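Participant: There's a structure below that I have some questions on.
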Amino acid sequence: MSDRLTLLLCVNTSADLKIKPLLVYHSQTPPEFKEQNMSKARLPVLWRANAKARVIRQLFMGWLRKVLAPPVKKYLSDNHVPARYLLLMDSAPAQPPALVGDKDSECDFIKVNFLPCSTTPLLQPMNQQGICNLKKLYMKALFTSLLCLVLRLLLWPLTLSTARVQILW
């Protein structure tokens, strides 16, 4: 069974402004979250649901208004930079192409430009080690937690079951 999700990442060129990523999944609350009693509010992402797990116009505009605009505006004012921000995005079928009519006064300082489809990965900002680093950190965290679980199984074989390894993996 394949599972799909979309992760929208955002970073500035100097990498000193951290923007909360947008994660779009096909379920509002996955069964695993209910089983583990996990809260989506504690996740380091903005969790949204869509039947096809794609970023649609409403989800993107909500992320732009609530997550991107406030910290960017604060960052620009703290650094005494004019309130102008260029958001470069990969061109994808799921991305909303025209955002001119949707932007309100809160985020009118943000200009969104889509890179052409024929642009090579070397020119796309997030392909310059951003996504690669995120994958490395994720895999490191996954294997660290797996190793900790295995060590606990070895130290306390009677108290923990091997089913936990299957849940983690």
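Chain lettering (A, B, ...) mirrors the order of the structure tokens, residue numbering begins at 1 for each chain separately, and ligand numbering begins at 1 in order of display.
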Please give the complete set of residues from stretch 13-57 of chain A that DSSP, run on the backbone, assigns to strand (DSSP E), formatted as a list in words.

Facilitator: Leu22, Leu23, Val24, Tyr25, Leu46, Trp47, Arg48 and Ala49 of chain A

Participant: Excluding A:Tyr75 and its own-chain neighbours fewer than 3 positions away, which residues fall within 12 Å of it when counting only C-alpha atoms? Please give them as a list in words.

Facilitator: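 Here the qualifying residues turn out to be Asn12, Asp16, Leu17, Lys18, Ile19, Leu68, Ala69, Pro70, Pro71, Val72, Asp78, Asn79, His80, Val81, Pro82, Ala83, Arg84 and Tyr85 of chain A.
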
Participant: Could you tell me how far atom CA of A:Asn50 sits from atom CA of A:Lys136, in Å to one decimal place?

Facilitator: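 Atom CA of A:Asn50 lies 27.0 Å from atom CA of A:Lys136.
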
Participant: DSSP on the backbone, helix (DSSP H, G or I) only: what residues of stretch 16-66 of chain A does that give? Format it as a list of chain:residue names.

Facilitator: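 Here is the list: A:Pro31, A:Glu32, A:Phe33, A:Lys34, A:Glu35, A:Gln36, A:Lys40, A:Ala41, A:Arg42, A:Arg57, A:Gln58, A:Leu59, A:Phe60, A:Met61, A:Gly62, A:Trp63, A:Leu64, A:Arg65, A:Lys66.
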
Participant: State, in Å with one decimal place, the distance from atom CA of A:Ala15 to atom CA of A:Cys132.

Facilitator: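 Computing it gives 14.6 Å between the two atoms.
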
Participant: Near A:Ser39, counting only C-alpha atoms, which residues have an atom at most 10 Å away, once you skip same-chain residues fewer than 5 positions from it, shown as a ChimeraX atom specification?

Facilitator: /A:29,33-34

Participant: Could you dump the residues just selected with N, CA and C atoms as a CSV table (one decimal), in the first residue's frame?

Facilitator:
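The resulting file, out16.csv, is reproduced below:
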```csv
chain,number,residue,atom,x,y,z
A,29,THR,N,-7.0,13.3,10.5
A,29,THR,CA,-6.4,12.6,11.6
A,29,THR,C,-6.2,11.2,11.3
A,33,PHE,N,-2.3,8.3,14.7
A,33,PHE,CA,-2.3,9.4,15.6
A,33,PHE,C,-3.3,9.1,16.7
A,34,LYS,N,-4.5,8.5,16.4
A,34,LYS,CA,-5.5,8.2,17.4
A,34,LYS,C,-5.0,7.1,18.3
```

Participant: For A:Leu23, work out the shell of residues within 10 Å, counting only C-alpha atoms and skipping chain neighbours fewer than 5 positions away, then give it as a list in words.

Facilitator: Leu5, Thr6, Leu7, Leu8, Leu9, Pro44, Val45, Leu46, Trp47, Arg48, Ala49, Ala53, Arg54, Val55 and Leu59 of chain A

Participant: To one decimal place in Å, what is the distance between atom CA of A:Met38 and atom CA of A:Ala141?

Facilitator: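 We find that atom CA of A:Met38 and atom CA of A:Ala141 lie 18.0 Å from each other.
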
Participant: So, counting only C-alpha atoms, which residue among A:Tyr138, A:Tyr25, A:Phe60, A:Phe109 is closest to A:Asp3?

Facilitator: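 Using only C-alpha atoms, the shortest distance to A:Asp3 belongs to A:Tyr25.
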
Participant: With only C-alpha atoms as the atoms that count, which of A:Leu43, A:Leu137, A:Leu87, A:Ile131 lies nearest to A:Asn113?

Facilitator: A:Leu87
